[in-house]
$ cat structure-v3.csv   # CSV, C-alpha atoms
chain,number,residue,atom,x,y,z
A,1,MET,CA,205.2,82.6,74.4
A,2,PHE,CA,208.0,80.1,73.6
A,3,LYS,CA,211.0,79.9,75.8
A,4,LYS,CA,214.1,80.5,73.7
A,5,VAL,CA,217.2,78.3,73.9
A,6,VAL,CA,220.5,78.8,72.1
A,7,ILE,CA,222.2,75.5,71.5
A,8,ALA,CA,226.0,76.0,70.9
A,9,GLU,CA,227.1,72.6,69.5
A,10,ASP,CA,229.2,71.8,66.5
A,11,ASP,CA,228.2,68.1,66.4
A,12,ASP,CA,225.1,67.8,64.3
A,13,ALA,CA,223.8,64.6,65.9
A,14,ILE,CA,224.0,66.0,69.4
A,15,ALA,CA,222.5,69.3,68.4
A,16,HIS,CA,219.6,67.5,66.7
A,17,MET,CA,219.0,65.3,69.7
A,18,VAL,CA,219.0,68.3,72.1
A,19,SER,CA,216.8,70.4,69.8
A,20,MET,CA,214.3,67.5,69.5
A,21,ALA,CA,214.1,67.0,73.2
A,22,LEU,CA,213.6,70.7,74.0
A,23,GLY,CA,211.4,71.4,71.0
A,24,ASP,CA,209.0,68.6,72.1
A,25,ALA,CA,208.9,70.4,75.5
A,26,GLY,CA,207.8,73.6,73.9
A,27,PHE,CA,211.1,75.5,73.6
A,28,LEU,CA,212.2,77.5,70.5
A,29,CYS,CA,215.7,76.3,69.7
A,30,LEU,CA,218.4,78.4,67.9
A,31,ARG,CA,221.5,76.6,66.7
A,32,ALA,CA,225.0,78.0,66.9
A,33,TYR,CA,227.8,76.1,65.2
A,34,ASP,CA,230.7,77.8,67.0
A,35,GLY,CA,231.5,80.1,69.9
A,36,ASP,CA,231.3,83.3,67.9
A,37,GLU,CA,227.9,82.5,66.6
A,38,ALA,CA,226.8,81.5,70.1
A,39,LEU,CA,227.7,85.0,71.4
A,40,ARG,CA,225.9,86.7,68.5
A,41,LEU,CA,222.7,84.7,69.1
A,42,VAL,CA,222.7,85.3,72.8
A,43,ARG,CA,223.1,89.1,72.3
A,44,ALA,CA,220.5,89.2,69.5
A,45,HIS,CA,217.8,87.0,71.1
A,46,ASP,CA,218.3,87.2,74.9
A,47,PRO,CA,217.5,83.5,75.3
A,48,ASP,CA,216.2,81.9,78.5
A,49,LEU,CA,219.0,79.3,78.4
A,50,LEU,CA,222.3,78.7,76.6
A,51,VAL,CA,223.3,75.0,76.1
A,52,LEU,CA,227.0,75.2,75.6
A,53,ASP,CA,229.6,72.7,74.4
A,54,TRP,CA,233.2,73.2,75.5
A,55,MET,CA,235.1,72.1,72.4
A,56,MET,CA,233.9,74.3,69.5
A,57,PRO,CA,235.6,76.1,66.6
A,58,ARG,CA,236.8,79.7,66.8
A,59,VAL,CA,235.9,80.4,70.4
A,60,ASP,CA,235.6,77.5,72.9
A,61,GLY,CA,232.8,77.2,75.4
A,62,ILE,CA,234.9,78.3,78.4
A,63,GLU,CA,235.7,81.6,76.7
A,64,VAL,CA,232.0,82.0,75.7
A,65,ALA,CA,231.0,81.5,79.3
A,66,ARG,CA,233.6,84.0,80.6
A,67,ARG,CA,232.6,86.7,78.1
A,68,LEU,CA,228.9,86.4,78.9
A,69,LYS,CA,229.4,86.3,82.6
A,70,SER,CA,231.6,89.4,82.5
A,71,ASP,CA,229.0,91.4,80.7
A,72,VAL,CA,226.6,93.4,82.8
A,73,MET,CA,223.6,92.5,80.5
A,74,TRP,CA,224.3,88.9,79.5
A,75,SER,CA,225.6,87.7,82.8
A,76,ARG,CA,222.0,86.8,83.7
A,77,THR,CA,221.8,84.2,80.9
A,78,PRO,CA,221.9,80.8,82.5
A,79,ILE,CA,224.4,78.4,81.0
A,80,LEU,CA,224.1,74.6,80.9
A,81,MET,CA,227.5,73.3,79.8
A,82,LEU,CA,227.1,70.0,77.9
A,83,THR,CA,230.4,68.3,77.1
A,84,ALA,CA,232.4,65.1,76.8
A,85,LEU,CA,235.0,66.5,79.2
A,86,ALA,CA,234.1,64.7,82.4
A,87,SER,CA,237.0,65.1,84.9
A,88,VAL,CA,236.4,66.8,88.2
A,89,GLU,CA,239.0,69.4,87.2
A,90,GLN,CA,237.2,70.2,84.0
A,91,GLN,CA,233.8,70.5,85.7
A,92,VAL,CA,235.3,72.9,88.2
A,93,GLU,CA,236.9,74.9,85.4
A,94,GLY,CA,233.6,75.1,83.5
A,95,LEU,CA,231.6,76.2,86.6
A,96,GLU,CA,234.2,78.7,87.6
A,97,ALA,CA,234.1,80.2,84.0
A,98,GLY,CA,230.4,80.9,84.5
A,99,ALA,CA,228.4,77.7,83.7
A,100,ASP,CA,225.4,77.4,86.0
A,101,ALA,CA,225.2,73.6,85.5
A,102,TYR,CA,227.5,71.0,84.0
A,103,MET,CA,226.5,67.7,82.3
A,104,THR,CA,228.7,65.2,80.5
A,105,LYS,CA,228.2,63.3,77.3
A,106,PRO,CA,226.7,60.7,76.9
A,107,PHE,CA,223.6,62.0,78.8
A,108,ASP,CA,220.1,61.0,79.6
A,109,LEU,CA,217.6,63.2,77.7
A,110,ARG,CA,215.1,63.1,80.6
A,111,GLU,CA,217.7,64.4,83.1
A,112,PHE,CA,218.9,67.0,80.5
A,113,GLY,CA,215.3,68.3,80.0
A,114,ALA,CA,214.7,68.5,83.7
A,115,ARG,CA,217.9,70.4,84.4
A,116,ALA,CA,217.2,72.8,81.5
A,117,LYS,CA,213.7,73.6,82.9
A,118,ALA,CA,215.0,73.9,86.5
A,119,LEU,CA,217.7,76.4,85.3
A,120,ILE,CA,215.1,78.5,83.5
A,121,ARG,CA,212.7,78.5,86.5
A,122,ALA,CA,215.5,79.5,88.9
A,123,THR,CA,216.6,82.3,86.6
A,124,LYS,CA,213.1,83.5,86.0
A,125,ARG,CA,212.5,83.8,89.8
A,126,GLU,CA,215.8,85.7,90.2
A,127,ARG,CA,215.0,88.1,87.4
A,128,GLU,CA,211.6,88.9,88.7
A,129,ARG,CA,212.8,89.8,92.2
A,130,ASN,CA,213.5,93.3,93.3
A,131,PRO,CA,217.2,93.6,94.0
A,132,THR,CA,216.8,95.8,97.0
A,133,THR,CA,214.4,93.6,99.0
A,134,ASP,CA,214.6,90.3,97.2
A,135,LEU,CA,210.8,90.3,97.1
A,136,PRO,CA,208.9,89.6,93.8
A,137,GLY,CA,209.1,92.6,91.5
A,138,SER,CA,206.5,94.2,89.2
A,139,ARG,CA,206.4,91.5,86.6
A,140,ALA,CA,205.9,88.7,89.2
A,141,ILE,CA,203.3,90.8,90.9
A,142,ASP,CA,201.4,91.2,87.7
A,143,GLU,CA,201.6,87.5,87.0
A,144,HIS,CA,200.4,86.7,90.6
A,145,LEU,CA,197.4,89.0,90.2
A,146,GLY,CA,196.6,87.6,86.8
A,147,GLU,CA,196.6,84.0,88.2
A,148,LEU,CA,194.5,85.1,91.1
A,149,LEU,CA,191.8,86.6,88.8
A,150,LYS,CA,191.9,83.6,86.5
A,151,ALA,CA,191.2,81.3,89.5
A,152,GLY,CA,188.3,83.5,90.5
A,153,LYS,CA,189.6,83.6,94.1
A,154,PRO,CA,188.4,86.8,95.9
A,155,ALA,CA,191.2,88.7,97.6
A,156,ALA,CA,192.1,92.1,99.1
A,157,VAL,CA,195.0,93.8,97.2
A,158,LEU,CA,196.8,96.5,99.2
A,159,HIS,CA,199.2,99.1,97.8
A,160,ILE,CA,201.5,100.6,100.4
A,161,ASP,CA,203.6,103.7,99.8
A,162,LEU,CA,205.3,106.5,101.8
A,163,LEU,CA,204.4,110.2,101.3
A,164,GLY,CA,207.6,112.3,101.2
A,165,PHE,CA,209.9,109.3,100.4
A,166,ASP,CA,211.6,111.0,97.4
A,167,GLY,CA,212.5,114.0,99.4
A,168,TYR,CA,213.8,111.8,102.2
A,169,ALA,CA,216.0,109.8,99.8
A,170,ASP,CA,217.4,113.0,98.4
A,171,ALA,CA,218.3,114.2,101.9
A,172,VAL,CA,219.9,111.0,103.3
A,173,GLY,CA,221.3,109.5,100.1
A,174,PHE,CA,220.6,106.4,98.1
A,175,ALA,CA,222.3,103.9,100.4
A,176,ARG,CA,220.6,105.0,103.6
A,177,ALA,CA,217.2,105.2,101.8
A,178,GLU,CA,217.7,101.6,100.6
A,179,ASP,CA,218.4,100.5,104.2
A,180,GLY,CA,215.1,102.0,105.2
A,181,VAL,CA,213.2,100.3,102.3
A,182,ARG,CA,214.7,96.9,103.3
A,183,ALA,CA,213.6,97.5,106.9
A,184,LEU,CA,210.1,98.5,105.7
A,185,ALA,CA,209.9,95.4,103.5
A,186,LYS,CA,210.7,93.2,106.4
A,187,ARG,CA,207.9,94.8,108.5
A,188,VAL,CA,205.4,94.7,105.7
A,189,LEU,CA,206.2,91.0,105.2
A,190,GLU,CA,205.9,90.2,108.9
A,191,LEU,CA,202.5,91.9,109.2
A,192,THR,CA,201.2,90.4,106.0
A,193,ARG,CA,202.2,86.9,107.2
A,194,GLU,CA,200.5,87.6,110.6
A,195,HIS,CA,197.2,88.6,108.8
A,196,GLY,CA,197.5,86.2,105.9
A,197,ASP,CA,197.1,82.9,107.6
A,198,GLY,CA,199.7,81.2,105.4
A,199,GLY,CA,198.3,82.4,102.1
A,200,ALA,CA,199.7,85.9,101.8
A,201,PHE,CA,201.7,87.5,99.0
A,202,VAL,CA,204.1,90.5,99.2
A,203,GLY,CA,205.8,92.2,96.2
A,204,HIS,CA,208.0,95.2,95.8
A,205,LEU,CA,207.1,97.6,92.9
A,206,GLY,CA,210.2,99.8,93.6
A,207,GLY,CA,211.1,102.7,95.9
A,208,SER,CA,208.7,102.6,98.9
A,209,ASP,CA,205.9,101.0,96.9
A,210,PHE,CA,204.7,97.5,98.0
A,211,ILE,CA,201.8,95.2,97.1
A,212,THR,CA,200.3,92.7,99.4
A,213,VAL,CA,197.5,90.2,98.8
A,214,VAL,CA,195.4,88.6,101.6
A,215,ALA,CA,191.9,87.2,102.1
A,216,PRO,CA,189.2,89.9,101.7
A,217,GLU,CA,188.1,89.7,105.3
A,218,ARG,CA,191.7,90.4,106.5
A,219,GLY,CA,192.5,93.3,104.3
A,220,GLU,CA,191.1,96.2,106.4
A,221,ASP,CA,192.8,95.0,109.5
A,222,LEU,CA,196.1,94.6,107.7
A,223,ALA,CA,195.8,98.1,106.2
A,224,ALA,CA,195.2,99.6,109.6
A,225,ALA,CA,198.1,97.6,111.2
A,226,LEU,CA,200.5,98.7,108.5
A,227,VAL,CA,199.7,102.4,108.9
A,228,ALA,CA,200.0,102.1,112.7
A,229,ALA,CA,203.2,100.1,112.7
A,230,ILE,CA,205.0,102.4,110.2
A,231,ASN,CA,204.0,105.5,112.1
A,232,ALA,CA,205.0,104.0,115.4
A,233,ASN,CA,208.4,102.7,114.1
A,234,ARG,CA,209.2,105.4,111.6
A,235,ALA,CA,212.5,106.6,113.2
A,236,GLU,CA,213.6,103.0,113.7
A,237,LEU,CA,212.8,102.0,110.1
A,238,PHE,CA,214.4,105.0,108.4
A,239,PRO,CA,217.7,106.5,109.5
A,240,GLY,CA,218.0,110.3,109.5
A,241,ASP,CA,215.1,112.7,109.6
A,242,ALA,CA,212.0,110.7,108.8
A,243,SER,CA,209.5,113.2,110.3
A,244,LYS,CA,208.0,114.0,107.0
A,245,LEU,CA,207.3,110.4,105.9
A,246,ALA,CA,203.7,109.3,106.1
A,247,PRO,CA,202.4,105.8,105.3
A,248,VAL,CA,199.5,105.5,102.9
A,249,VAL,CA,197.6,102.3,102.0
A,250,ALA,CA,195.1,101.8,99.3
A,251,MET,CA,193.0,98.6,99.2
A,252,ALA,CA,190.9,97.1,96.4
A,253,THR,CA,188.9,93.9,96.3
A,254,THR,CA,188.8,91.5,93.4
A,255,ALA,CA,185.5,89.8,94.1
A,256,ASP,CA,183.6,91.4,91.2
A,257,LEU,CA,186.4,91.4,88.7
A,258,PRO,CA,186.5,88.9,85.8
A,259,ALA,CA,189.5,86.8,84.7
A,260,GLY,CA,192.1,88.8,82.9
A,261,ALA,CA,191.0,92.2,84.4
A,262,THR,CA,194.5,93.1,85.8
A,263,ASP,CA,194.3,96.5,84.1
A,264,GLN,CA,190.9,97.2,85.8
A,265,LEU,CA,192.4,96.1,89.1
A,266,ALA,CA,195.3,98.5,88.6
A,267,ARG,CA,193.0,101.4,87.8
A,268,ARG,CA,190.9,100.6,90.9
A,269,LEU,CA,194.0,100.6,93.1
A,270,GLY,CA,195.3,103.8,91.4
A,271,ALA,CA,192.0,105.6,92.2
A,272,THR,CA,192.1,104.5,95.8
A,273,MET,CA,195.7,105.5,96.2
A,274,ARG,CA,195.1,108.9,94.8
A,275,THR,CA,192.3,109.4,97.3
A,276,ALA,CA,194.4,108.0,100.1
A,277,LYS,CA,197.2,110.4,99.4
A,278,GLN,CA,194.8,113.3,99.7
A,279,THR,CA,194.1,112.5,103.3
A,280,ASP,CA,195.7,114.5,106.0
A,281,GLY,CA,199.1,112.9,106.8
A,282,GLY,CA,198.4,109.6,104.9
A,283,GLY,CA,196.2,106.8,106.1
A,284,TYR,CA,194.3,104.3,104.1
A,285,VAL,CA,191.3,104.1,101.8
A,286,ILE,CA,189.3,101.0,100.9
A,287,TRP,CA,187.5,100.2,97.7
A,288,ARG,CA,184.6,98.0,98.7
A,289,GLY,CA,183.7,96.8,95.3
$ encode --input "structure-v3.csv" --output "structure tokens"
Amino acid sequence: MFKKVVIAEDDDAIAHMVSMALGDAGFLCLRAYDGDEALRLVRAHDPDLLVLDWMMPRVDGIEVARRLKSDVMWSRTPILMLTALASVEQQVEGLEAGADAYMTKPFDLREFGARAKALIRATKRERERNPTTDLPGSRAIDEHLGELLKAGKPAAVLHIDLLGFDGYADAVGFARAEDGVRALAKRVLELTREHGDGGAFVGHLGGSDFITVVAPERGEDLAAALVAAINANRAELFPGDASKLAPVVAMATTADLPAGATDQLARRLGATMRTAKQTDGGGYVIWRG
């Protein structure tokens, strides 16, 4: 899928040059001739990047940046301000208005292309992280598993959850429950690193659900360690009455799965998780492939 870029530039020569540079790099470019049109295009297409001139008709670039960054939805759109205004004061004003990067005209196309790609990469990483734990979220987890299957690299995929978490969260409140999830995330990450030999992956699906990926021969030891550590430190991890919380871990292997079989892996994990949740007080169940 093409990355979409809105180019807000009233100078045809500059807009054409930027469009050619980004188009050759595989970006789909949408042209805005003034600030009003830039705002409409961003709201209509949710682009991966806005390249924004300062001096434009109707609404200038500074006001466009301010309006976007004050909006709960569009504040996540990265802005690369590209302008002839080059003083330090003007750069500071542009960045304080909401620009994520600032380049002055004339500019080198190679540097411009590199900065555009870097902004998109950084924003993509930020969007794909769970805001509670700062771990990769569901989309990043899916992409990681897809890459792993495509590479044909065997792995153990563990799904960690807590029985009784919803009731606990209702009892202690959202903020305290989030504190517990952050503490749990730190412990899951520490244990996965210990068992992962530098090649581990941890993601946060949401709530008390986590995914970890380690080498196949390390999966069962990690599953047992996670259950033991959470049980032993339950009161420390979760403020309030955590007596009804029970860790449950499901593990599936990818050794026999073809490239692209992320849905099959998800069904495999789902089946093991359902079985694990039926065990007395939680525990873990392993799919041996």
$ residues_near_point --input "structure-v3.csv" --point "(229.9, 75.3, 82.6)" --cutoff "10 Å" --atoms "all atoms listed in the file" --output "ChimeraX atom specification"
/A:51-54,61-62,64-66,78-83,90-103
$ atom_distance --input "structure-v3.csv" --atom1 "atom CA of Asp221 of chain A" --atom2 "atom CA of Glu147 of chain A"
24.3 Å
$ residues_around --input "structure-v3.csv" --residues "Ala183 of chain A" --least-positions-apart "5" --cutoff "12 Å" --atoms "all atoms listed in the file" --output "number ranges by chain"
A: 132-133, 176-178, 188-190, 208, 230, 233-239
$ residues_around --input "structure-v3.csv" --residues "Glu37 of chain A" --least-positions-apart "2" --cutoff "12 Å" --atoms "all atoms listed in the file" --output "list in words"
Val6, Ile7, Ala8, Glu9, Asp10, Leu30, Arg31, Ala32, Tyr33, Asp34, Gly35, Leu39, Arg40, Leu41, Val42, Arg43, Ala44, His45, Leu52, Met56, Pro57, Arg58, Val59, Asp60, Gly61 and Val64 of chain A
$ residues_near_point --input "structure-v3.csv" --point "(196.7, 97.9, 92.7)" --cutoff "9 Å" --atoms "all atoms listed in the file" --output "ChimeraX atom specification"
/A:157-159,211,250-252,262,265-270,272-273
$ closest_residue --input "structure-v3.csv" --among "A:Leu148, A:Ala171, A:Ala21, A:Leu109" --to "Ala259 of chain A" --atoms "all atoms listed in the file"
A:Leu148
$ residues_around --input "structure-v3.csv" --residues "Glu194 of chain A" --least-positions-apart "5" --cutoff "12 Å" --atoms "all atoms listed in the file" --output "list in words"
Arg187, Val188, Leu189, Gly199, Ala200, Phe201, Val214, Arg218, Gly219, Asp221, Leu222, Ala225 and Leu226 of chain A
$ residues_around --input "structure-v3.csv" --residues "Lys117 of chain A" --least-positions-apart "5" --cutoff "12 Å" --atoms "all atoms listed in the file" --output "list in words"
Lys3, Lys4, Val5, Ala21, Leu22, Ala25, Gly26, Phe27, Asp48, Leu49, Leu50, Val51, Pro78, Ile79, Leu80, Ala101, Arg110, Glu111, Phe112, Ala122, Thr123 and Lys124 of chain A
$ residues_around --input "structure-v3.csv" --residues "Asn130 of chain A" --least-positions-apart "3" --cutoff "9 Å" --atoms "all atoms listed in the file" --output "ChimeraX atom specification"
/A:126-127,133-138,203-206
$ write_last_selection --input "structure-v3.csv" --atoms "C-alpha atoms" --output "compact mmCIF listing (two decimals), in the coordinates of the input"
# COMPACT_ATOMS: atom_id res chain seq x y z
CA GLU A 126 215.80 85.70 90.20
CA ARG A 127 215.00 88.10 87.40
CA THR A 133 214.40 93.60 99.00
CA ASP A 134 214.60 90.30 97.20
CA LEU A 135 210.80 90.30 97.10
CA PRO A 136 208.90 89.60 93.80
CA GLY A 137 209.10 92.60 91.50
CA SER A 138 206.50 94.20 89.20
CA GLY A 203 205.80 92.20 96.20
CA HIS A 204 208.00 95.20 95.80
CA LEU A 205 207.10 97.60 92.90
CA GLY A 206 210.20 99.80 93.60
$ closest_residue --input "structure-v3.csv" --among "A:Ala246, A:Val72, A:Leu257, A:Leu184" --to "Ala156 of chain A" --atoms "only C-alpha atoms"
A:Leu257
$ atom_distance --input "structure-v3.csv" --atom1 "atom CA of Lys153 of chain A" --atom2 "atom CA of Asp209 of chain A"
24.0 Å
$ atom_distance --input "structure-v3.csv" --atom1 "atom CA of Pro258 of chain A" --atom2 "atom CA of Lys150 of chain A"
7.6 Å
$ closest_residue --input "structure-v3.csv" --among "A:Ser87, A:Thr212, A:Ser19, A:Ser75" --to "Ala116 of chain A" --atoms "all atoms listed in the file"
A:Ser19
$ closest_residue --input "structure-v3.csv" --among "A:Ser70, A:Asn231, A:Thr275, A:Gln264" --to "Leu245 of chain A" --atoms "all atoms listed in the file"
A:Asn231
$ closest_residue --input "structure-v3.csv" --among "A:Asp24, A:Glu217, A:Asp170, A:Glu128" --to "Phe2 of chain A" --atoms "all atoms listed in the file"
A:Asp24
$ decode --input "structure-v3.csv" --residues "segment 66-173 of chain A" --atoms "C-alpha atoms" --output "PDB file, in the first residue's frame"
ATOM      1  CA  ARG A  66      -1.742  24.851  15.023  1.00  0.00           C
ATOM      2  CA  ARG A  67      -5.193  23.629  13.977  1.00  0.00           C
ATOM      3  CA  LEU A  68      -4.010  20.105  13.247  1.00  0.00           C
ATOM      4  CA  LYS A  69      -1.977  19.739  16.427  1.00  0.00           C
ATOM      5  CA  SER A  70      -4.888  20.987  18.554  1.00  0.00           C
ATOM      6  CA  ASP A  71      -7.210  18.313  17.114  1.00  0.00           C
ATOM      7  CA  VAL A  72      -7.362  15.018  18.994  1.00  0.00           C
ATOM      8  CA  MET A  73      -7.435  13.007  15.736  1.00  0.00           C
ATOM      9  CA  TRP A  74      -5.121  14.925  13.416  1.00  0.00           C
ATOM     10  CA  SER A  75      -2.460  15.826  15.958  1.00  0.00           C
ATOM     11  CA  ARG A  76      -0.771  12.519  15.105  1.00  0.00           C
ATOM     12  CA  THR A  77      -0.122  13.615  11.488  1.00  0.00           C
ATOM     13  CA  PRO A  78       3.606  14.392  11.163  1.00  0.00           C
ATOM     14  CA  ILE A  79       4.387  17.797   9.647  1.00  0.00           C
ATOM     15  CA  LEU A  80       7.527  18.631   7.687  1.00  0.00           C
ATOM     16  CA  MET A  81       7.583  22.416   7.252  1.00  0.00           C
ATOM     17  CA  LEU A  82       9.340  23.394   4.023  1.00  0.00           C
ATOM     18  CA  THR A  83       9.764  27.145   3.668  1.00  0.00           C
ATOM     19  CA  ALA A  84      12.041  29.964   2.559  1.00  0.00           C
ATOM     20  CA  LEU A  85      11.808  31.542   6.018  1.00  0.00           C
ATOM     21  CA  ALA A  86      15.145  30.566   7.504  1.00  0.00           C
ATOM     22  CA  SER A  87      15.815  32.612  10.646  1.00  0.00           C
ATOM     23  CA  VAL A  88      16.199  30.864  13.977  1.00  0.00           C
ATOM     24  CA  GLU A  89      13.166  32.746  15.311  1.00  0.00           C
ATOM     25  CA  GLN A  90      11.031  31.539  12.421  1.00  0.00           C
ATOM     26  CA  GLN A  91      12.203  27.941  12.829  1.00  0.00           C
ATOM     27  CA  VAL A  92      11.362  28.092  16.528  1.00  0.00           C
ATOM     28  CA  GLU A  93       7.915  29.529  15.729  1.00  0.00           C
ATOM     29  CA  GLY A  94       7.267  26.772  13.187  1.00  0.00           C
ATOM     30  CA  LEU A  95       8.293  23.997  15.565  1.00  0.00           C
ATOM     31  CA  GLU A  96       6.322  25.497  18.446  1.00  0.00           C
ATOM     32  CA  ALA A  97       3.244  25.715  16.206  1.00  0.00           C
ATOM     33  CA  GLY A  98       3.411  21.949  15.711  1.00  0.00           C
ATOM     34  CA  ALA A  99       5.880  21.170  12.918  1.00  0.00           C
ATOM     35  CA  ASP A 100       7.832  17.983  13.630  1.00  0.00           C
ATOM     36  CA  ALA A 101      10.705  18.980  11.346  1.00  0.00           C
ATOM     37  CA  TYR A 102      11.747  22.186   9.586  1.00  0.00           C
ATOM     38  CA  MET A 103      13.637  22.573   6.298  1.00  0.00           C
ATOM     39  CA  THR A 104      14.479  25.762   4.438  1.00  0.00           C
ATOM     40  CA  LYS A 105      14.450  26.469   0.712  1.00  0.00           C
ATOM     41  CA  PRO A 106      16.521  25.909  -1.322  1.00  0.00           C
ATOM     42  CA  PHE A 107      16.963  22.319  -0.159  1.00  0.00           C
ATOM     43  CA  ASP A 108      18.683  19.109  -1.180  1.00  0.00           C
ATOM     44  CA  LEU A 109      16.206  16.527  -2.493  1.00  0.00           C
ATOM     45  CA  ARG A 110      18.140  13.636  -0.984  1.00  0.00           C
ATOM     46  CA  GLU A 111      18.045  15.196   2.484  1.00  0.00           C
ATOM     47  CA  PHE A 112      14.383  16.045   2.032  1.00  0.00           C
ATOM     48  CA  GLY A 113      13.530  12.465   1.048  1.00  0.00           C
ATOM     49  CA  ALA A 114      15.502  11.044   3.971  1.00  0.00           C
ATOM     50  CA  ARG A 115      13.785  13.364   6.464  1.00  0.00           C
ATOM     51  CA  ALA A 116      10.344  12.545   5.061  1.00  0.00           C
ATOM     52  CA  LYS A 117      10.960   8.802   5.401  1.00  0.00           C
ATOM     53  CA  ALA A 118      12.404   9.206   8.904  1.00  0.00           C
ATOM     54  CA  LEU A 119       9.329  11.165  10.062  1.00  0.00           C
ATOM     55  CA  ILE A 120       6.983   8.521   8.661  1.00  0.00           C
ATOM     56  CA  ARG A 121       8.963   5.714  10.304  1.00  0.00           C
ATOM     57  CA  ALA A 122       8.992   7.466  13.686  1.00  0.00           C
ATOM     58  CA  THR A 123       5.263   8.209  13.545  1.00  0.00           C
ATOM     59  CA  LYS A 124       4.472   4.651  12.496  1.00  0.00           C
ATOM     60  CA  ARG A 125       6.381   3.292  15.501  1.00  0.00           C
ATOM     61  CA  GLU A 126       4.543   5.711  17.808  1.00  0.00           C
ATOM     62  CA  ARG A 127       1.103   4.856  16.400  1.00  0.00           C
ATOM     63  CA  GLU A 128       1.740   1.140  16.745  1.00  0.00           C
ATOM     64  CA  ARG A 129       2.692   1.254  20.432  1.00  0.00           C
ATOM     65  CA  ASN A 130       0.235   0.652  23.228  1.00  0.00           C
ATOM     66  CA  PRO A 131      -0.130   3.954  25.122  1.00  0.00           C
ATOM     67  CA  THR A 132      -0.298   2.272  28.547  1.00  0.00           C
ATOM     68  CA  THR A 133       2.953   0.289  28.332  1.00  0.00           C
ATOM     69  CA  ASP A 134       4.734   1.784  25.287  1.00  0.00           C
ATOM     70  CA  LEU A 135       5.122  -1.770  23.949  1.00  0.00           C
ATOM     71  CA  PRO A 136       4.265  -2.650  20.331  1.00  0.00           C
ATOM     72  CA  GLY A 137       0.482  -2.848  19.898  1.00  0.00           C
ATOM     73  CA  SER A 138      -1.769  -5.238  18.010  1.00  0.00           C
ATOM     74  CA  ARG A 139      -0.871  -4.063  14.498  1.00  0.00           C
ATOM     75  CA  ALA A 140       2.865  -4.186  15.208  1.00  0.00           C
ATOM     76  CA  ILE A 141       2.437  -7.664  16.734  1.00  0.00           C
ATOM     77  CA  ASP A 142       0.630  -8.875  13.626  1.00  0.00           C
ATOM     78  CA  GLU A 143       3.355  -7.443  11.379  1.00  0.00           C
ATOM     79  CA  HIS A 144       6.102  -9.043  13.480  1.00  0.00           C
ATOM     80  CA  LEU A 145       4.437 -12.462  13.343  1.00  0.00           C
ATOM     81  CA  GLY A 146       3.875 -12.090   9.610  1.00  0.00           C
ATOM     82  CA  GLU A 147       7.558 -11.302   9.037  1.00  0.00           C
ATOM     83  CA  LEU A 148       8.561 -14.216  11.235  1.00  0.00           C
ATOM     84  CA  LEU A 149       6.398 -16.660   9.249  1.00  0.00           C
ATOM     85  CA  LYS A 150       7.598 -15.211   5.961  1.00  0.00           C
ATOM     86  CA  ALA A 151      11.204 -15.801   7.017  1.00  0.00           C
ATOM     87  CA  GLY A 152      10.371 -19.407   7.934  1.00  0.00           C
ATOM     88  CA  LYS A 153      12.030 -18.988  11.317  1.00  0.00           C
ATOM     89  CA  PRO A 154      10.575 -21.356  13.961  1.00  0.00           C
ATOM     90  CA  ALA A 155       9.471 -19.668  17.155  1.00  0.00           C
ATOM     91  CA  ALA A 156       7.384 -20.108  20.272  1.00  0.00           C
ATOM     92  CA  VAL A 157       4.576 -17.538  20.542  1.00  0.00           C
ATOM     93  CA  LEU A 158       3.122 -17.038  24.028  1.00  0.00           C
ATOM     94  CA  HIS A 159      -0.148 -15.301  24.885  1.00  0.00           C
ATOM     95  CA  ILE A 160      -0.260 -14.098  28.512  1.00  0.00           C
ATOM     96  CA  ASP A 161      -3.482 -13.003  30.207  1.00  0.00           C
ATOM     97  CA  LEU A 162      -4.934 -12.629  33.705  1.00  0.00           C
ATOM     98  CA  LEU A 163      -8.143 -14.354  34.739  1.00  0.00           C
ATOM     99  CA  GLY A 164     -10.356 -11.993  36.729  1.00  0.00           C
ATOM    100  CA  PHE A 165      -8.711  -8.792  35.434  1.00  0.00           C
ATOM    101  CA  ASP A 166     -11.938  -7.095  34.324  1.00  0.00           C
ATOM    102  CA  GLY A 167     -13.483  -7.562  37.771  1.00  0.00           C
ATOM    103  CA  TYR A 168     -10.295  -6.309  39.406  1.00  0.00           C
ATOM    104  CA  ALA A 169     -10.263  -3.196  37.200  1.00  0.00           C
ATOM    105  CA  ASP A 170     -13.907  -2.475  38.035  1.00  0.00           C
ATOM    106  CA  ALA A 171     -13.092  -2.738  41.748  1.00  0.00           C
ATOM    107  CA  VAL A 172      -9.928  -0.619  41.916  1.00  0.00           C
ATOM    108  CA  GLY A 173     -10.584   1.833  39.081  1.00  0.00           C
TER     109      GLY A 173
END
